[in-house]
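Shown here: model_5.cif, mmCIF, C-alpha atoms and all ligand atoms.
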```cif
data_final
#
loop_
_atom_site.group_PDB
_atom_site.id
_atom_site.type_symbol
_atom_site.label_atom_id
_atom_site.label_comp_id
_atom_site.auth_asym_id
_atom_site.auth_seq_id
_atom_site.Cartn_x
_atom_site.Cartn_y
_atom_site.Cartn_z
ATOM 1 C CA GLU A 1 8.076 -34.631 18.879
ATOM 2 C CA VAL A 2 6.773 -31.644 16.903
ATOM 3 C CA THR A 3 8.068 -28.312 18.193
ATOM 4 C CA ILE A 4 6.472 -25.120 16.943
ATOM 5 C CA GLY A 5 8.549 -22.006 17.498
ATOM 6 C CA ILE A 6 7.225 -18.510 18.003
ATOM 7 C CA LEU A 7 9.638 -15.755 17.063
ATOM 8 C CA ALA A 8 9.903 -13.833 20.336
ATOM 9 C CA LEU A 9 11.902 -10.704 19.508
ATOM 10 C CA GLN A 10 8.985 -8.242 19.567
ATOM 11 C CA GLY A 11 5.193 -8.192 19.306
ATOM 12 C CA ALA A 12 2.345 -10.534 20.262
ATOM 13 C CA PHE A 13 4.308 -13.764 20.715
ATOM 14 C CA ILE A 14 3.007 -14.827 24.148
ATOM 15 C CA GLU A 15 -0.588 -14.770 22.909
ATOM 16 C CA HIS A 16 0.379 -17.160 20.084
ATOM 17 C CA GLU A 17 2.104 -19.484 22.518
ATOM 18 C CA HIS A 18 -0.956 -19.557 24.786
ATOM 19 C CA ALA A 19 -3.247 -20.213 21.810
ATOM 20 C CA LEU A 20 -1.083 -23.168 20.704
ATOM 21 C CA GLN A 21 -0.998 -24.600 24.207
ATOM 22 C CA ARG A 22 -4.810 -24.333 24.407
ATOM 23 C CA LEU A 23 -5.064 -26.021 21.024
ATOM 24 C CA PHE A 24 -2.812 -28.941 21.994
ATOM 25 C CA MET A 25 -5.244 -29.741 24.844
ATOM 26 C CA ALA A 26 -8.454 -29.295 22.817
ATOM 27 C CA PRO A 27 -10.564 -32.412 22.129
ATOM 28 C CA SER A 28 -11.219 -31.341 18.506
ATOM 29 C CA PHE A 29 -7.472 -31.171 17.887
ATOM 30 C CA LEU A 30 -6.799 -34.496 19.575
ATOM 31 C CA ARG A 31 -9.392 -36.095 17.288
ATOM 32 C CA GLN A 32 -7.805 -34.651 14.157
ATOM 33 C CA ARG A 33 -4.403 -36.008 14.966
ATOM 34 C CA LYS A 34 -5.783 -39.439 15.799
ATOM 35 C CA GLY A 35 -3.184 -42.049 15.023
ATOM 36 C CA ILE A 36 -0.318 -39.596 15.354
ATOM 37 C CA ASN A 37 1.080 -39.978 18.802
ATOM 38 C CA TRP A 38 3.730 -37.333 18.681
ATOM 39 C CA LYS A 39 4.116 -34.853 21.453
ATOM 40 C CA PHE A 40 3.471 -31.230 20.466
ATOM 41 C CA SER A 41 5.391 -28.446 22.162
ATOM 42 C CA THR A 42 6.215 -24.752 21.743
ATOM 43 C CA VAL A 43 9.405 -22.751 22.099
ATOM 44 C CA GLN A 44 10.052 -18.998 22.100
ATOM 45 C CA VAL A 45 12.699 -18.358 19.461
ATOM 46 C CA ARG A 46 15.416 -15.771 20.120
ATOM 47 C CA SER A 47 18.524 -17.514 18.801
ATOM 48 C CA THR A 48 19.712 -19.875 16.083
ATOM 49 C CA GLU A 49 19.828 -22.701 18.650
ATOM 50 C CA ASP A 50 16.130 -22.136 19.445
ATOM 51 C CA LEU A 51 15.284 -22.102 15.727
ATOM 52 C CA GLU A 52 17.126 -25.371 15.124
ATOM 53 C CA ARG A 53 14.727 -27.165 17.482
ATOM 54 C CA CYS A 54 11.645 -26.144 15.443
ATOM 55 C CA SER A 55 9.640 -28.023 12.819
ATOM 56 C CA ALA A 56 7.694 -24.822 12.065
ATOM 57 C CA LEU A 57 7.609 -21.179 13.116
ATOM 58 C CA ILE A 58 5.099 -18.408 13.797
ATOM 59 C CA ILE A 59 6.185 -14.823 13.138
ATOM 60 C CA PRO A 60 3.853 -12.669 15.243
ATOM 61 C CA GLY A 61 2.357 -9.240 14.689
ATOM 62 C CA GLY A 62 4.242 -6.239 15.939
ATOM 63 C CA GLU A 63 6.308 -3.924 13.762
ATOM 64 C CA SER A 64 7.850 -5.495 10.686
ATOM 65 C CA THR A 65 10.825 -3.116 10.419
ATOM 66 C CA THR A 66 11.642 -3.562 14.121
ATOM 67 C CA ILE A 67 11.385 -7.346 13.871
ATOM 68 C CA ALA A 68 13.645 -7.319 10.783
ATOM 69 C CA LEU A 69 16.189 -5.154 12.606
ATOM 70 C CA LEU A 70 16.151 -7.401 15.674
ATOM 71 C CA LEU A 71 16.540 -10.459 13.433
ATOM 72 C CA ARG A 72 19.677 -8.926 11.991
ATOM 73 C CA LEU A 73 21.033 -7.911 15.410
ATOM 74 C CA SER A 74 20.504 -11.432 16.780
ATOM 75 C CA SER A 75 22.151 -12.990 13.684
ATOM 76 C CA LEU A 76 18.879 -14.760 12.955
ATOM 77 C CA LEU A 77 18.091 -13.282 9.550
ATOM 78 C CA GLU A 78 20.149 -15.685 7.418
ATOM 79 C CA PRO A 79 19.256 -18.821 9.447
ATOM 80 C CA LEU A 80 15.587 -17.812 9.197
ATOM 81 C CA ARG A 81 15.936 -17.329 5.420
ATOM 82 C CA ALA A 82 17.284 -20.865 5.142
ATOM 83 C CA PHE A 83 14.517 -22.178 7.449
ATOM 84 C CA SER A 84 11.827 -20.429 5.384
ATOM 85 C CA ALA A 85 12.981 -22.140 2.186
ATOM 86 C CA THR A 86 11.836 -25.538 3.460
ATOM 87 C CA LYS A 87 9.840 -25.366 6.700
ATOM 88 C CA PRO A 88 6.330 -24.049 7.411
ATOM 89 C CA ILE A 89 6.009 -20.464 8.621
ATOM 90 C CA TRP A 90 2.864 -18.611 9.634
ATOM 91 C CA GLY A 91 3.145 -14.833 9.541
ATOM 92 C CA THR A 92 0.468 -12.733 11.252
ATOM 93 C CA CYS A 93 0.244 -9.018 10.411
ATOM 94 C CA ALA A 94 3.874 -7.789 10.680
ATOM 95 C CA GLY A 95 4.843 -11.452 10.165
ATOM 96 C CA ALA A 96 2.791 -11.488 6.957
ATOM 97 C CA ILE A 97 4.767 -8.471 5.721
ATOM 98 C CA LEU A 98 8.012 -10.335 6.430
ATOM 99 C CA LEU A 99 6.818 -13.368 4.444
ATOM 100 C CA ALA A 100 5.678 -11.364 1.393
ATOM 101 C CA LYS A 101 7.693 -11.191 -1.829
ATOM 102 C CA GLU A 102 6.923 -7.491 -2.419
ATOM 103 C CA ILE A 103 6.160 -4.560 -0.125
ATOM 104 C CA ALA A 104 4.465 -1.702 -2.006
ATOM 105 C CA ASN A 105 5.519 0.931 0.554
ATOM 106 C CA PRO A 106 8.635 -0.275 2.380
ATOM 107 C CA LYS A 107 10.244 1.847 5.025
ATOM 108 C CA LYS A 108 12.501 4.582 3.584
ATOM 109 C CA GLY A 109 15.929 3.138 2.977
ATOM 110 C CA GLY A 110 14.504 -0.321 2.328
ATOM 111 C CA GLN A 111 13.082 -3.111 4.389
ATOM 112 C CA GLU A 112 14.255 -6.682 4.627
ATOM 113 C CA VAL A 113 11.813 -9.522 3.918
ATOM 114 C CA LEU A 114 11.990 -13.304 3.674
ATOM 115 C CA GLY A 115 10.238 -13.152 0.289
ATOM 116 C CA GLN A 116 8.466 -16.510 0.458
ATOM 117 C CA VAL A 117 4.812 -15.815 -0.381
ATOM 118 C CA SER A 118 3.774 -14.547 -3.825
ATOM 119 C CA VAL A 119 1.884 -11.436 -2.790
ATOM 120 C CA ARG A 120 2.372 -7.696 -3.065
ATOM 121 C CA ILE A 121 1.443 -6.159 0.266
ATOM 122 C CA GLU A 122 0.831 -2.605 1.525
ATOM 123 C CA ARG A 123 1.855 -1.784 5.103
ATOM 124 C CA ASN A 124 -0.801 0.005 7.182
ATOM 125 C CA GLY A 125 -3.048 -0.349 4.144
ATOM 126 C CA TRP A 126 -6.406 0.204 5.846
ATOM 127 C CA GLY A 127 -5.695 3.933 6.153
ATOM 128 C CA SER A 128 -4.754 6.058 9.114
ATOM 129 C CA GLN A 129 -8.338 6.684 10.251
ATOM 130 C CA VAL A 130 -8.999 3.009 10.715
ATOM 131 C CA GLU A 131 -5.940 1.956 12.629
ATOM 132 C CA SER A 132 -7.742 -0.786 14.431
ATOM 133 C CA PHE A 133 -11.044 -2.573 13.827
ATOM 134 C CA GLU A 134 -12.822 -5.910 13.990
ATOM 135 C CA ALA A 135 -14.614 -7.591 11.113
ATOM 136 C CA PRO A 136 -16.516 -10.861 10.570
ATOM 137 C CA LEU A 137 -14.522 -13.065 8.206
ATOM 138 C CA GLU A 138 -15.700 -15.794 5.862
ATOM 139 C CA VAL A 139 -13.715 -18.928 6.657
ATOM 140 C CA PRO A 140 -14.810 -21.755 4.309
ATOM 141 C CA LYS A 141 -11.703 -23.885 4.975
ATOM 142 C CA LEU A 142 -11.771 -23.858 8.775
ATOM 143 C CA ARG A 143 -13.597 -26.141 11.206
ATOM 144 C CA ASN A 144 -17.239 -24.970 11.571
ATOM 145 C CA PRO A 145 -17.021 -23.036 8.278
ATOM 146 C CA ASP A 146 -20.474 -21.484 8.726
ATOM 147 C CA GLU A 147 -19.374 -19.688 11.839
ATOM 148 C CA PRO A 148 -17.670 -16.390 10.903
ATOM 149 C CA PHE A 149 -14.335 -15.629 12.564
ATOM 150 C CA THR A 150 -13.849 -12.271 14.291
ATOM 151 C CA GLY A 151 -10.776 -10.764 12.642
ATOM 152 C CA VAL A 152 -8.850 -8.242 14.763
ATOM 153 C CA PHE A 153 -6.972 -5.799 12.503
ATOM 154 C CA ILE A 154 -4.343 -3.496 14.053
ATOM 155 C CA ARG A 155 -2.583 -1.184 11.590
ATOM 156 C CA ALA A 156 -2.817 -4.206 9.368
ATOM 157 C CA PRO A 157 -1.366 -4.677 5.897
ATOM 158 C CA VAL A 158 -3.535 -5.130 2.797
ATOM 159 C CA ILE A 159 -2.740 -7.767 0.176
ATOM 160 C CA LEU A 160 -2.741 -5.575 -2.956
ATOM 161 C CA SER A 161 -2.350 -8.317 -5.548
ATOM 162 C CA LEU A 162 -1.259 -11.900 -6.053
ATOM 163 C CA LEU A 163 1.976 -12.351 -7.994
ATOM 164 C CA ASP A 164 2.156 -14.917 -10.807
ATOM 165 C CA ASP A 165 3.561 -18.187 -9.580
ATOM 166 C CA LYS A 166 2.509 -21.244 -11.566
ATOM 167 C CA ASP A 167 4.537 -23.662 -9.450
ATOM 168 C CA ALA A 168 2.907 -22.781 -6.153
ATOM 169 C CA PRO A 169 -0.816 -22.055 -6.214
ATOM 170 C CA ILE A 170 -2.330 -19.804 -3.592
ATOM 171 C CA GLU A 171 -5.167 -21.221 -1.520
ATOM 172 C CA GLU A 172 -7.689 -18.689 -0.198
ATOM 173 C CA ILE A 173 -8.439 -19.219 3.485
ATOM 174 C CA ALA A 174 -10.380 -16.146 4.627
ATOM 175 C CA ARG A 175 -12.038 -13.059 3.134
ATOM 176 C CA ILE A 176 -13.305 -9.798 4.574
ATOM 177 C CA PRO A 177 -16.586 -8.324 3.219
ATOM 178 C CA GLU A 178 -15.621 -6.199 0.176
ATOM 179 C CA ASP A 179 -17.533 -3.150 1.450
ATOM 180 C CA LEU A 180 -15.001 -2.888 4.295
ATOM 181 C CA LEU A 181 -12.067 -2.543 1.910
ATOM 182 C CA PRO A 182 -10.242 0.801 1.822
ATOM 183 C CA ALA A 183 -11.328 2.979 -1.110
ATOM 184 C CA GLU A 184 -7.762 3.513 -2.304
ATOM 185 C CA SER A 185 -4.432 1.782 -2.140
ATOM 186 C CA CYS A 186 -0.936 2.981 -2.910
ATOM 187 C CA ASP A 187 -1.124 1.166 -6.267
ATOM 188 C CA THR A 188 -3.006 3.100 -8.941
ATOM 189 C CA ASN A 189 -4.685 1.123 -11.764
ATOM 190 C CA THR A 190 -6.185 -1.492 -9.509
ATOM 191 C CA SER A 191 -7.837 -4.158 -11.654
ATOM 192 C CA LYS A 192 -10.994 -6.068 -10.791
ATOM 193 C CA GLU A 193 -8.807 -9.085 -10.056
ATOM 194 C CA ASP A 194 -6.677 -7.073 -7.645
ATOM 195 C CA ARG A 195 -9.821 -5.803 -5.947
ATOM 196 C CA HIS A 196 -10.853 -9.411 -5.429
ATOM 197 C CA ALA A 197 -7.411 -10.232 -3.999
ATOM 198 C CA GLN A 198 -7.616 -7.277 -1.631
ATOM 199 C CA ALA A 199 -10.485 -8.873 0.267
ATOM 200 C CA LEU A 200 -8.211 -11.838 1.002
ATOM 201 C CA VAL A 201 -6.977 -11.675 4.577
ATOM 202 C CA ALA A 202 -5.660 -15.223 5.000
ATOM 203 C CA LEU A 203 -4.002 -17.465 2.461
ATOM 204 C CA ARG A 204 -1.758 -20.444 2.174
ATOM 205 C CA GLN A 205 0.997 -21.066 -0.363
ATOM 206 C CA GLY A 206 2.752 -24.415 -0.013
ATOM 207 C CA ASN A 207 4.060 -24.691 3.541
ATOM 208 C CA HIS A 208 3.457 -21.056 4.340
ATOM 209 C CA PHE A 209 0.443 -19.386 5.861
ATOM 210 C CA LEU A 210 -0.286 -15.697 6.009
ATOM 211 C CA THR A 211 -2.950 -13.746 7.927
ATOM 212 C CA THR A 212 -3.106 -9.949 7.880
ATOM 213 C CA PHE A 213 -5.012 -9.868 11.202
ATOM 214 C CA HIS A 214 -4.420 -11.252 14.717
ATOM 215 C CA PRO A 215 -6.147 -14.608 15.426
ATOM 216 C CA GLU A 216 -4.091 -14.980 18.628
ATOM 217 C CA LEU A 217 -5.990 -12.067 20.201
ATOM 218 C CA THR A 218 -9.263 -14.005 20.199
ATOM 219 C CA GLU A 219 -10.283 -17.169 22.063
ATOM 220 C CA ASP A 220 -11.122 -18.861 18.764
ATOM 221 C CA ASP A 221 -8.240 -21.195 17.895
ATOM 222 C CA ARG A 222 -9.423 -22.310 14.452
ATOM 223 C CA PHE A 223 -6.589 -20.560 12.591
ATOM 224 C CA HIS A 224 -4.002 -22.124 14.902
ATOM 225 C CA GLU A 225 -5.649 -25.472 14.274
ATOM 226 C CA PHE A 226 -5.529 -24.927 10.498
ATOM 227 C CA PHE A 227 -1.823 -24.067 10.604
ATOM 228 C CA VAL A 228 -0.860 -27.031 12.759
ATOM 229 C CA VAL A 229 -3.081 -29.631 11.074
ATOM 230 C CA GLU A 230 -2.782 -28.497 7.437
ATOM 231 C CA CYS A 231 0.632 -26.887 7.146
ATOM 232 C CA VAL A 232 2.753 -28.372 9.920
ATOM 233 C CA LEU A 233 1.464 -31.961 9.972
ATOM 234 C CA ASP A 234 1.556 -32.133 6.158
ATOM 235 C CA TYR A 235 5.146 -31.000 6.217
ATOM 236 C CA VAL A 236 6.214 -33.296 9.051
ATOM 237 C CA LEU A 237 4.538 -36.321 7.493
ATOM 238 C CA LYS A 238 6.052 -35.592 4.100
ATOM 239 C CA ALA A 239 9.441 -35.106 5.677
ATOM 240 C CA LYS A 240 9.103 -38.531 7.237
ATOM 241 C CA GLY A 241 8.048 -39.949 3.889
ATOM 242 C CA LYS A 242 4.678 -41.096 5.207
ATOM 243 C CA GLN A 243 1.139 -40.677 3.931
ATOM 244 C CA ARG A 244 -1.290 -38.427 5.814
ATOM 245 C CA LEU A 245 -3.155 -40.668 8.250
HETATM 246 N N1 LIG B 301 1.955 -1.860 10.798
HETATM 247 C C1 LIG B 301 2.814 -2.900 11.267
HETATM 248 C C2 LIG B 301 4.011 -3.088 10.336
HETATM 249 O O1 LIG B 301 4.146 -2.407 9.368
HETATM 250 C C3 LIG B 301 2.088 -4.204 11.436
HETATM 251 C C4 LIG B 301 1.067 -4.083 12.549
HETATM 252 C C5 LIG B 301 0.795 -5.342 13.299
HETATM 253 O O2 LIG B 301 1.519 -6.333 13.221
HETATM 254 N N2 LIG B 301 -0.252 -5.320 14.076
HETATM 255 O O3 LIG B 301 4.817 -3.933 10.588
#
```
Encoded form using structure tokens:
Amino acid sequence: EVTIGILALQGAFIEHEHALQRLFMAPSFLRQRKGINWKFSTVQVRSTEDLERCSALIIPGGESTTIALLLRLSSLLEPLRAFSATKPIWGTCAGAILLAKEIANPKKGGQEVLGQVSVRIERNGWGSQVESFEAPLEVPKLRNPDEPFTGVFIRAPVILSLLDDKDAPIEEIARIPEDLLPAESCDTNTSKEDRHAQALVALRQGNHFLTTFHPELTEDDRFHEFFVVECVLDYVLKAKGKQRL
């Protein structure tokens, strides 16, 4: 059995759970896991015992400082750190901030992160005037790659730059049109390379997956499918010492 947890302390966790349950019933998903007869299930994670049941975890959008505080209060921060060192995690929006190695503008007094994905990220980076918007995303790695994905951005973070990490390459999964990028960021001296990175709104590094927007707020489950098929199944099969079927 493959159990995917959704951290359920704050934010849009129910929407993620519904999207996964829809996915597990979808014919396109059943075809992709042909030959793998495991049962897929979800669990809302609020305690270490919940986390121990999971092969992978989604950290939803919400408010990254609040989620970090609640993780500490529920004694989940250290177990989640240990989990993140080996198992797949998908962070959406606030979850992406928690997965990042560097926050350019952390909350005053500091902000705890899991520090797993080699990006420098700016909270609320699209500027205060554009707190919330939708944009068509290029998704070359998803099913039906010619069909753009509607990205829902809500006080979303911006990936300011990719950090050097030769051991773990970053795979680009989705981009936003560059003319929609904010004119300025909190980093001065933005290079052309950084500018290119800033249009990245979904990426994968090893087991981990990061999206700065909210795929769970649409009916389009292609990002959930990507996470489960590419990140989770790869991990589970490797853990069992088998080849991908
Ligand atoms: N601005 C939020 C934060 O800093 C993220 C917003 C979201 O998850 N929709 O955590």
Selection dump of the PyMOL selection byres (((chain A and resi 105) around 10) and not hetatm), as an MDAnalysis selection string
chainID A and resid 102:104 106:108 110:111 120:125 186:187
Would you mind listing, for every residue of chain A within 8 Å of ligand LIG 301 (chain B), the two atoms forming the shortest contact and the distance between them in Å to one decimal, using only C-alpha atoms and all ligand atoms, sorted by chain and ascending residue number, as CSV?
```
residue,atom,partner,partner_atom,distance
A:Gly11,CA,B:LIG301,O2,7.3
A:Pro60,CA,B:LIG301,O2,7.0
A:Gly61,CA,B:LIG301,O2,3.4
A:Gly62,CA,B:LIG301,O2,3.8
A:Glu63,CA,B:LIG301,O3,3.5
A:Ser64,CA,B:LIG301,O3,3.4
A:Thr65,CA,B:LIG301,O3,6.1
A:Thr66,CA,B:LIG301,O3,7.7
A:Thr92,CA,B:LIG301,O2,6.8
A:Cys93,CA,B:LIG301,O2,4.1
A:Ala94,CA,B:LIG301,O2,3.8
A:Gly95,CA,B:LIG301,O2,6.8
A:Ile97,CA,B:LIG301,O3,6.7
A:Arg123,CA,B:LIG301,O1,4.9
A:Asn124,CA,B:LIG301,N1,4.9
A:Phe153,CA,B:LIG301,N2,6.9
A:Ile154,CA,B:LIG301,N2,4.5
A:Arg155,CA,B:LIG301,N1,4.7
A:Ala156,CA,B:LIG301,C4,5.0
A:Pro157,CA,B:LIG301,C3,6.5
A:Thr212,CA,B:LIG301,O2,7.9
A:Phe213,CA,B:LIG301,N2,7.2
A:His214,CA,B:LIG301,N2,7.3
```
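Taking CA of Asn37 in chain A and CA of Glu219 in chain A as endpoints, the distance between them is 25.7 Å.
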Which value, in Å to one decimal, gives the distance between CA of Arg31 in chain A and CA of Asp221 in chain A?
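Straight-line distance from CA of Arg31 in chain A to CA of Asp221 in chain A works out to 15.0 Å.
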For CA of Glu178 in chain A and CA of Ala199 in chain A, determine how far apart the two atoms are, in Å to one decimal place.
5.8 Å
Return as a short mmCIF file (atom, residue, chain, number, x, y, z; two decimals) with C-alpha atoms, in the coordinates of the input the set of residues that the PyMOL selection byres (((chain A and resi 85) around 12) and not hetatm) yields on the displayed structure.
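The resulting file, result_22.cif, is reproduced below:
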```
data_model
loop_
_atom_site.label_atom_id
_atom_site.label_comp_id
_atom_site.auth_asym_id
_atom_site.auth_seq_id
_atom_site.Cartn_x
_atom_site.Cartn_y
_atom_site.Cartn_z
CA ALA A 56 7.69 -24.82 12.06
CA GLU A 78 20.15 -15.68 7.42
CA PRO A 79 19.26 -18.82 9.45
CA LEU A 80 15.59 -17.81 9.20
CA ARG A 81 15.94 -17.33 5.42
CA ALA A 82 17.28 -20.86 5.14
CA PHE A 83 14.52 -22.18 7.45
CA SER A 84 11.83 -20.43 5.38
CA THR A 86 11.84 -25.54 3.46
CA LYS A 87 9.84 -25.37 6.70
CA PRO A 88 6.33 -24.05 7.41
CA ILE A 89 6.01 -20.46 8.62
CA LEU A 99 6.82 -13.37 4.44
CA LEU A 114 11.99 -13.30 3.67
CA GLY A 115 10.24 -13.15 0.29
CA GLN A 116 8.47 -16.51 0.46
CA VAL A 117 4.81 -15.82 -0.38
CA GLY A 206 2.75 -24.42 -0.01
CA ASN A 207 4.06 -24.69 3.54
CA HIS A 208 3.46 -21.06 4.34
#
```
On this structure, the PyMOL selection byres (((chain A and resi 32) around 12) and not hetatm) would catch which residues? List them as a list of chain:residue names, sorted by chain and number.
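Evaluating the PyMOL selection byres (((chain A and resi 32) around 12) and not hetatm) on these coordinates yields A:Leu23, A:Phe24, A:Ala26, A:Pro27, A:Ser28, A:Phe29, A:Leu30, A:Arg31, A:Arg33, A:Lys34, A:Gly35, A:Ile36, A:Asn37, A:Arg143, A:Glu225, A:Phe226, A:Val228, A:Val229, A:Glu230, A:Leu233, A:Arg244, A:Leu245.
Nearest-residue note for Ile176 in chain A: choosing from A:Leu160, A:Val152, A:Leu77, A:Val201, the minimum distance belongs to A:Val201, counting only C-alpha atoms.
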Between A:Tyr235, A:Asp220, A:Arg72, A:Ile4, which residue has the minimum interatomic distance to Glu147 in chain A, considering all atoms listed in the file?
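Among A:Tyr235, A:Asp220, A:Arg72, A:Ile4, it is A:Asp220 that comes nearest to Glu147 in chain A.
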Pick from A:Phe13, A:Trp90, A:Trp38, A:Trp126, whichever lies nearest to Leu217 in chain A using all atoms listed in the file
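Of A:Phe13, A:Trp90, A:Trp38, A:Trp126, the one nearest Leu217 in chain A, counting all atoms listed in the file, is A:Phe13.
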Point out the residue among A:Val158, A:Ala8, A:Cys231, A:Cys54 with the least atom-to-atom distance to Glu171 in chain A, counting all atoms listed in the file.
A:Cys231
Find the spatial neighbours of range 68-70 of chain A, counting only C-alpha atoms, within a cut-off of 7 Å - ignore same-chain residues fewer than 4 positions away - and output them as a list in words.
Leu9, Ser64, Ser74 and Glu112 of chain A
Nearest to Leu7 in chain A by atom-to-atom distance, counting only C-alpha atoms, from A:Gly91, A:Gly241, A:Pro136, A:Pro169:
A:Gly91
Closest to Leu237 in chain A among A:Ser41, A:Ser55, A:Thr211, A:Thr188, using only C-alpha atoms?
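For Leu237 in chain A, the nearest of the candidates is A:Ser55.
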Start from the incomplete input, build N, CA and C atoms for range 14-25 of chain A, and deliver everything as a compact mmCIF listing (two decimals), keeping the file's coordinate frame.
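Final output, selection-v3.txt:
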```txt
# COMPACT_ATOMS: atom_id res chain seq x y z
N ILE A 14 3.52 -14.03 23.03
CA ILE A 14 3.01 -14.83 24.15
C ILE A 14 1.58 -15.29 23.86
N GLU A 15 0.80 -14.42 23.24
CA GLU A 15 -0.59 -14.77 22.91
C GLU A 15 -0.62 -15.97 21.95
N HIS A 16 0.31 -16.01 21.00
CA HIS A 16 0.38 -17.16 20.08
C HIS A 16 0.74 -18.43 20.85
N GLU A 17 1.68 -18.31 21.76
CA GLU A 17 2.10 -19.48 22.52
C GLU A 17 0.93 -20.03 23.35
N HIS A 18 0.20 -19.12 23.99
CA HIS A 18 -0.96 -19.56 24.79
C HIS A 18 -2.00 -20.22 23.89
N ALA A 19 -2.24 -19.63 22.72
CA ALA A 19 -3.25 -20.21 21.81
C ALA A 19 -2.83 -21.62 21.38
N LEU A 20 -1.55 -21.82 21.10
CA LEU A 20 -1.08 -23.17 20.70
C LEU A 20 -1.23 -24.15 21.85
N GLN A 21 -0.90 -23.68 23.06
CA GLN A 21 -1.00 -24.60 24.21
C GLN A 21 -2.46 -24.99 24.47
N ARG A 22 -3.38 -24.02 24.29
CA ARG A 22 -4.81 -24.33 24.41
C ARG A 22 -5.20 -25.37 23.36
N LEU A 23 -4.72 -25.12 22.13
CA LEU A 23 -5.06 -26.02 21.02
C LEU A 23 -4.60 -27.45 21.29
N PHE A 24 -3.37 -27.59 21.79
CA PHE A 24 -2.81 -28.94 21.99
C PHE A 24 -3.62 -29.75 23.01
N MET A 25 -4.41 -29.06 23.86
CA MET A 25 -5.24 -29.74 24.84
C MET A 25 -6.68 -29.93 24.35
```
